[in-house]
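Structure file data.txt (compact mmCIF, C-alpha atoms) follows.
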# COMPACT_ATOMS: atom_id res chain seq x y z
CA MET A 1 12.40 18.25 21.73
CA PRO A 2 13.09 21.57 20.05
CA VAL A 3 14.57 24.40 22.09
CA LYS A 4 15.68 27.80 20.91
CA VAL A 5 19.22 29.09 21.50
CA ILE A 6 19.63 32.86 21.36
CA ILE A 7 22.98 33.84 19.82
CA PRO A 8 24.55 37.13 21.02
CA THR A 9 25.54 39.63 18.34
CA PRO A 10 29.33 38.99 18.42
CA LEU A 11 28.81 35.29 17.75
CA ARG A 12 26.27 35.60 14.94
CA PRO A 13 28.94 35.78 12.22
CA TYR A 14 29.92 32.25 13.31
CA ALA A 15 26.34 30.97 13.38
CA GLY A 16 25.17 31.72 9.86
CA LYS A 17 24.31 35.30 10.94
CA GLN A 18 21.28 33.95 12.77
CA GLU A 19 19.86 35.56 15.91
CA SER A 20 18.63 32.19 17.16
CA VAL A 21 18.92 28.54 16.32
CA GLU A 22 16.41 25.75 17.01
CA LEU A 23 17.83 22.43 18.14
CA GLU A 24 16.69 19.08 19.44
CA ALA A 25 18.07 18.64 22.97
CA ARG A 26 17.20 17.23 26.39
CA THR A 27 19.84 19.16 28.31
CA VAL A 28 21.76 22.44 27.98
CA GLY A 29 24.91 20.42 27.31
CA GLU A 30 23.23 18.62 24.41
CA ALA A 31 21.97 21.91 23.00
CA LEU A 32 25.42 23.52 23.11
CA ALA A 33 27.01 20.39 21.64
CA GLY A 34 24.45 20.43 18.85
CA LEU A 35 25.08 24.11 18.27
CA THR A 36 28.86 23.77 18.01
CA SER A 37 28.47 20.67 15.89
CA ARG A 38 26.34 22.62 13.43
CA PHE A 39 28.55 25.73 13.62
CA SER A 40 32.05 24.50 14.43
CA GLU A 41 33.59 27.98 14.49
CA LEU A 42 31.53 28.81 17.56
CA LYS A 43 33.38 26.28 19.67
CA LYS A 44 36.54 28.28 20.35
CA HIS A 45 34.49 31.28 21.47
CA LEU A 46 32.30 29.29 23.87
CA PHE A 47 34.64 26.66 25.25
CA ALA A 48 38.17 26.77 26.65
CA GLU A 49 40.73 24.19 25.57
CA ASP A 50 39.79 21.96 28.51
CA GLY A 51 36.27 21.72 27.14
CA ARG A 52 34.64 23.84 29.84
CA LEU A 53 32.57 26.89 29.10
CA ARG A 54 34.74 29.99 29.11
CA SER A 55 34.37 31.90 32.37
CA PHE A 56 32.88 34.95 30.66
CA VAL A 57 30.26 32.92 28.79
CA ASN A 58 26.99 32.77 30.71
CA VAL A 59 24.16 30.47 29.76
CA TYR A 60 20.60 31.01 30.86
CA VAL A 61 17.57 28.78 30.52
CA ASN A 62 14.71 31.19 30.24
CA ASP A 63 15.90 33.68 32.90
CA GLU A 64 17.87 31.30 35.13
CA ASP A 65 21.66 31.09 35.08
CA ILE A 66 22.58 27.41 34.63
CA ARG A 67 25.32 27.79 37.26
CA TYR A 68 22.49 27.92 39.79
CA LEU A 69 20.66 25.00 38.17
CA GLN A 70 22.36 21.77 37.13
CA LYS A 71 24.93 23.46 34.85
CA ASP A 72 25.23 21.64 31.53
CA GLN A 73 23.06 18.82 32.87
CA THR A 74 20.15 21.26 33.27
CA SER A 75 17.23 19.68 31.50
CA VAL A 76 15.28 21.61 28.89
CA ARG A 77 11.78 21.19 27.63
CA GLU A 78 10.08 22.04 24.39
CA GLY A 79 9.73 25.79 24.07
CA ASP A 80 12.53 26.64 26.52
CA ILE A 81 14.83 29.45 25.50
CA ILE A 82 18.55 29.09 26.08
CA SER A 83 20.42 32.42 26.01
CA ILE A 84 24.16 32.86 25.67
CA VAL A 85 24.96 36.07 27.55
CA PRO A 86 28.45 37.60 27.58
CA SER A 87 30.24 38.96 30.61
CA ILE A 88 32.56 41.72 29.49
CA ALA A 89 35.88 41.93 31.31
CA GLY A 90 39.42 43.14 30.89
CA GLY A 91 41.96 45.45 32.39
CA SER A 92 45.44 46.80 32.16
CA ALA A 93 47.19 44.49 34.61
CA THR A 94 49.17 42.29 32.28
CA SER A 95 50.70 43.80 29.21
CA GLY A 96 51.86 41.89 26.20
CA ALA A 97 48.77 41.02 24.21
CA THR A 98 49.46 39.96 20.67
CA PHE A 99 48.85 42.57 18.03
CA ALA A 100 48.39 41.94 14.39
CA SER A 101 48.79 45.62 13.67
CA GLN A 102 49.57 48.81 15.48
CA ALA A 103 46.89 51.22 16.61
CA ARG A 104 47.20 54.83 15.70
CA PRO A 105 46.35 56.73 18.87
CA TYR A 106 43.63 59.27 18.50
CA MET B 1 39.30 42.94 3.87
CA SER B 2 40.27 46.57 4.44
CA ALA B 3 41.36 47.72 7.90
CA PRO B 4 38.37 48.37 10.14
CA VAL B 5 37.39 51.94 10.97
CA LEU B 6 35.30 53.14 13.89
CA LYS B 7 33.57 56.47 13.48
CA ILE B 8 32.73 58.39 16.62
CA GLN B 9 31.68 61.94 17.35
CA GLU B 10 34.17 64.10 19.19
CA ASP B 11 31.78 64.78 22.06
CA LEU B 12 31.45 61.04 22.65
CA VAL B 13 35.22 60.66 22.79
CA ARG B 14 35.20 63.48 25.35
CA GLY B 15 32.51 61.57 27.24
CA ILE B 16 34.75 58.48 27.45
CA HIS B 17 37.65 60.67 28.61
CA ALA B 18 35.46 62.33 31.25
CA HIS B 19 34.34 58.93 32.55
CA GLY B 20 37.97 57.76 32.76
CA VAL B 21 38.94 60.90 34.67
CA GLU B 22 35.94 60.59 36.98
CA THR B 23 36.77 57.03 38.03
CA TYR B 24 40.59 57.49 38.09
CA PRO B 25 42.60 55.76 39.55
CA HIS B 26 40.05 53.02 38.92
CA GLU B 27 39.10 51.70 35.51
CA CYS B 28 35.88 52.99 33.96
CA CYS B 29 33.78 50.95 31.56
CA GLY B 30 30.73 51.29 29.38
CA ALA B 31 28.90 50.17 26.27
CA LEU B 32 29.07 51.61 22.76
CA LEU B 33 25.75 51.78 20.94
CA GLY B 34 25.56 52.58 17.27
CA ARG B 35 25.29 51.14 13.81
CA ASP B 36 27.21 48.60 11.80
CA GLU B 37 26.09 48.59 8.21
CA ASP B 38 28.01 47.20 5.25
CA GLY B 39 31.23 47.32 7.21
CA SER B 40 30.76 50.97 8.21
CA ARG B 41 30.60 51.22 11.97
CA GLU B 42 29.71 54.32 13.99
CA VAL B 43 29.25 54.94 17.71
CA LEU B 44 26.14 57.03 18.36
CA GLN B 45 25.71 56.74 22.11
CA LEU B 46 27.58 55.71 25.25
CA VAL B 47 26.11 53.76 28.12
CA PRO B 48 28.43 54.32 31.11
CA LEU B 49 28.35 51.30 33.43
CA ALA B 50 29.69 50.53 36.88
CA ASN B 51 32.92 48.59 37.13
CA GLN B 52 31.91 45.52 39.13
CA ARG B 53 35.47 44.39 39.90
CA ASN B 54 35.55 45.80 43.41
CA ASP B 55 38.55 43.68 44.38
CA SER B 56 40.98 45.25 41.88
CA PRO B 57 39.30 48.17 40.11
CA ARG B 58 42.64 49.88 39.37
CA ASN B 59 43.62 47.31 36.78
CA ARG B 60 40.51 45.26 36.05
CA PHE B 61 36.97 45.89 34.92
CA GLU B 62 33.95 43.68 34.65
CA ILE B 63 30.49 44.23 33.24
CA THR B 64 28.00 41.73 34.58
CA PRO B 65 25.47 39.80 32.49
CA ASP B 66 22.74 42.01 33.99
CA ASP B 67 24.49 45.17 32.81
CA TYR B 68 25.13 43.52 29.44
CA ARG B 69 21.40 42.91 29.13
CA LEU B 70 20.72 46.50 30.19
CA ALA B 71 23.01 47.78 27.42
CA GLU B 72 21.45 45.45 24.86
CA LYS B 73 17.97 46.61 25.87
CA ALA B 74 19.02 50.27 25.56
CA ALA B 75 20.35 49.57 22.07
CA SER B 76 17.19 47.78 21.04
CA GLU B 77 14.94 50.59 22.32
CA LYS B 78 16.92 53.14 20.31
CA LYS B 79 16.95 50.96 17.19
CA MET B 80 20.72 50.71 17.47
CA GLU B 81 23.15 47.85 17.93
CA LEU B 82 25.48 47.08 20.79
CA ILE B 83 28.69 47.45 18.79
CA GLY B 84 31.34 47.43 21.49
CA TRP B 85 32.73 48.49 24.82
CA TYR B 86 35.09 51.06 26.26
CA HIS B 87 37.30 51.04 29.30
CA SER B 88 40.21 53.00 30.73
CA HIS B 89 43.75 51.97 31.60
CA PRO B 90 44.78 54.19 34.54
CA ASP B 91 48.51 54.99 34.36
CA ALA B 92 48.95 52.35 31.66
CA PRO B 93 49.14 52.47 27.86
CA ALA B 94 46.03 52.37 25.66
CA ARG B 95 46.92 48.89 24.47
CA PRO B 96 45.01 45.69 25.21
CA SER B 97 46.60 43.49 27.85
CA GLU B 98 46.81 39.72 27.64
CA PHE B 99 43.98 39.69 30.16
CA ASP B 100 41.92 41.85 27.78
CA ARG B 101 42.56 39.40 24.96
CA GLU B 102 41.65 36.34 26.99
CA HIS B 103 38.32 37.90 27.89
CA ALA B 104 37.48 39.58 24.61
CA TRP B 105 34.67 38.71 22.25
CA PRO B 106 35.01 38.83 18.49
CA TRP B 107 33.23 41.41 16.34
CA TYR B 108 32.96 44.04 19.08
CA SER B 109 34.98 47.26 18.99
CA TYR B 110 36.99 47.74 22.17
CA ILE B 111 37.96 51.36 22.86
CA ILE B 112 40.72 51.87 25.42
CA VAL B 113 41.67 55.26 26.85
CA SER B 114 44.90 55.70 28.75
CA VAL B 115 44.46 57.98 31.77
CA GLN B 116 47.84 59.15 33.05
CA LYS B 117 47.91 60.87 36.46
CA GLY B 118 44.26 61.69 36.06
CA GLU B 119 44.58 63.12 32.54
CA PRO B 120 43.20 61.34 29.44
CA ARG B 121 45.91 60.57 26.87
CA ASP B 122 45.85 58.16 23.96
CA THR B 123 42.59 56.60 22.81
CA THR B 124 42.70 53.47 20.67
CA SER B 125 40.24 50.89 19.38
CA TRP B 126 40.71 47.18 18.76
CA ARG B 127 38.93 44.13 17.38
CA LEU B 128 39.72 40.55 18.30
CA GLN B 129 40.71 38.33 15.38
CA ASP B 130 38.48 35.38 14.47
CA ASP B 131 40.96 32.86 15.86
CA ARG B 132 41.27 34.79 19.16
CA ALA B 133 45.05 34.86 18.69
CA ALA B 134 45.51 38.61 18.44
CA TYR B 135 43.90 41.99 18.06
CA ASP B 136 43.63 44.14 14.98
CA ALA B 137 43.92 47.86 15.55
CA GLU B 138 40.82 49.72 14.44
CA ALA B 139 41.34 53.27 13.20
CA ILE B 140 39.24 55.87 15.00
CA GLU B 141 37.69 58.49 12.73
CA THR B 142 36.37 61.36 14.82
CA LEU B 143 33.46 63.38 13.59
CA ALA B 144 33.21 67.02 14.58
CA ARG B 145 29.45 67.21 15.07
CA SER B 146 26.77 64.88 16.19
CA ALA B 147 24.70 63.60 13.27
CA ASN B 148 22.03 62.40 15.71
CA PRO B 149 21.64 65.11 18.34
Take the structure in the file and write it out as structure tokens.
Amino acid sequence: MPVKVIIPTPLRPYAGKQESVELEARTVGEALAGLTSRFSELKKHLFAEDGRLRSFVNVYVNDEDIRYLQKDQTSVREGDIISIVPSIAGGSATSGATFASQARPY
Amino acid sequence: MSAPVLKIQEDLVRGIHAHGVETYPHECCGALLGRDEDGSREVLQLVPLANQRNDSPRNRFEITPDDYRLAEKAASEKKMELIGWYHSHPDAPARPSEFDREHAWPWYSYIIVSVQKGEPRDTTSWRLQDDRAAYDAEAIETLARSANP
């Protein structure tokens, strides 16, 4: 049954520049698998190397966080809207990120 | 592709500095609203947000999904885009940490201001590479006057 997945702005370049994608799925897990199968470049931004959703990737079915439902086994019905919502995090604690180029301080 | 450039009005840079000074020695954070058209990106408004990392606010920041949605809604209402985020590094350089990289999203501009002993110092901007392996520095072009008062 078709469900709509809302793609957040930073991931649209990896999803054919689309704001949303319609997919056939019975669960959230199936929908995300279908999404990354169609747009393989999305995978590294949504999933860690162990195959789990990255900790700062939040998935909602309609307005419910799937962590409080049945996670990726959460069932979806025709017309449901799955939203991928970023958490934004960071901080100075560990230095040593990899830089491709040097910033020019303002 | 040419090196990315982020345009921002001087008063908005001062706004980021003021936020970093206000929250020092804790990290400040907020959203950057603006436009991204044909590769030309400009910050037009800041949305200061609360740092939700109460356990270690001196060296971490977190913006919750609810605040993300709030920033996205603000952008939509103003016919702008949510183009990035800013945060401060109290008593640390204005360079992304490994922790920043692990948690970063592609496409967004990430402005970092170093606040040393309560005084704003360097301000830099960064974009995560497509493969998540590293950041590219983004040049900051400051504009003297607000084009959208």
Could you give me, as a JSON list (two decimals) with C-alpha atoms, keeping the file's coordinate frame, the residues within 8 Å of range 39-50 of chain A, counting all atoms listed in the file and dropping anything in the same chain fewer than 6 positions from it?
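Dumped everything to around_5.json:
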[["chain", "number", "residue", "atom", "x", "y", "z"],
["A", 11, "LEU", "CA", 28.81, 35.29, 17.75],
["A", 14, "TYR", "CA", 29.92, 32.25, 13.31],
["A", 15, "ALA", "CA", 26.34, 30.97, 13.38],
["A", 16, "GLY", "CA", 25.17, 31.72, 9.86],
["A", 57, "VAL", "CA", 30.26, 32.92, 28.79],
["B", 105, "TRP", "CA", 34.67, 38.71, 22.25],
["B", 131, "ASP", "CA", 40.96, 32.86, 15.86],
["B", 132, "ARG", "CA", 41.27, 34.79, 19.16]]
Sorted by chain and rising residue number, list the residues of chain B at most 8 Å from chain A (counting all atoms listed in the file), each with its closest atom pair and distance in Å to one decimal, as CSV.
residue,atom,partner,partner_atom,distance
B:Glu27,CA,A:Gly91,CA,7.5
B:Asn59,CA,A:Ser92,CA,5.0
B:Arg60,CA,A:Gly91,CA,3.9
B:Phe61,CA,A:Gly90,CA,5.5
B:Glu62,CA,A:Ala89,CA,4.2
B:Ile63,CA,A:Ile88,CA,5.0
B:Thr64,CA,A:Ser87,CA,5.3
B:Pro65,CA,A:Ser87,CA,5.2
B:Tyr68,CA,A:Ser87,CA,6.9
B:Arg69,CA,A:Val85,CA,7.9
B:Leu82,CA,A:Thr9,CA,7.8
B:His87,CA,A:Gly91,CA,7.9
B:Ser88,CA,A:Gly91,CA,7.9
B:His89,CA,A:Ser92,CA,5.5
B:Pro90,CA,A:Ser92,CA,7.8
B:Ala92,CA,A:Ser92,CA,6.6
B:Arg95,CA,A:Ser95,CA,7.9
B:Pro96,CA,A:Ala97,CA,6.1
B:Ser97,CA,A:Ser95,CA,4.3
B:Glu98,CA,A:Ala97,CA,4.2
B:Phe99,CA,A:Gly90,CA,5.8
B:Asp100,CA,A:Gly90,CA,4.2
B:Arg101,CA,A:Ala97,CA,6.5
B:His103,CA,A:Ala89,CA,5.8
B:Ala104,CA,A:Ile88,CA,7.3
B:Trp105,CA,A:Pro10,CA,6.6
B:Pro106,CA,A:Pro10,CA,5.7
B:Trp107,CA,A:Pro10,CA,5.0
B:Tyr108,CA,A:Pro10,CA,6.3
B:Asp122,CA,A:Pro105,CA,5.3
B:Thr123,CA,A:Tyr106,CA,5.2
B:Thr124,CA,A:Pro105,CA,5.2
B:Ser125,CA,A:Ala103,CA,7.2
B:Trp126,CA,A:Ala103,CA,7.7
B:Asp131,CA,A:Lys44,CA,7.8
B:Arg132,CA,A:His45,CA,8.0
B:Ala133,CA,A:Thr98,CA,7.0
B:Ala134,CA,A:Thr98,CA,4.7
B:Tyr135,CA,A:Phe99,CA,5.0
B:Asp136,CA,A:Ala100,CA,5.3
B:Ala137,CA,A:Ala103,CA,4.6
B:Glu138,CA,A:Ala103,CA,6.6
B:Ala139,CA,A:Arg104,CA,6.6
B:Ile140,CA,A:Tyr106,CA,6.6
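The space separating CA of Lys7 in chain B from CA of Ser40 in chain B comes to 8.1 Å.
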### Query
What is the CA of Leu35 in chain A-CA of Glu102 in chain B distance in Å, reported with one decimal?
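Value for the CA of Leu35 in chain A-CA of Glu102 in chain B distance: 22.4 Å.
CA of Ser20 in chain A lies 9.4 Å from CA of Ile82 in chain A.
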### Query
So which residues are close to (45.7, 64.8, 35.6), meaning at most 12 Å away in the file's coordinates with all atoms listed in the file counted, and can you show them as an MDAnalysis selection string?
chainID B and resid 17:18 20:22 24:25 90:91 114:121
Give the padded box for range 34-51 of chain B as lines of an AutoDock Vina configuration file: axis-aligned, covering all atoms listed in the file, 5 Å on each side, centre and edge lengths in Å to one decimal.
center_x = 29.1
center_y = 52.1
center_z = 21.2
size_x = 17.6
size_y = 19.8
size_z = 41.9
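Residues within 7 Å of Arg41 in chain B, counting all atoms listed in the file and excluding same-chain residues fewer than 2 positions away, are Val5, Leu6, Lys7, Arg35, Asp36, Glu37, Gly39 and Val43 of chain B.
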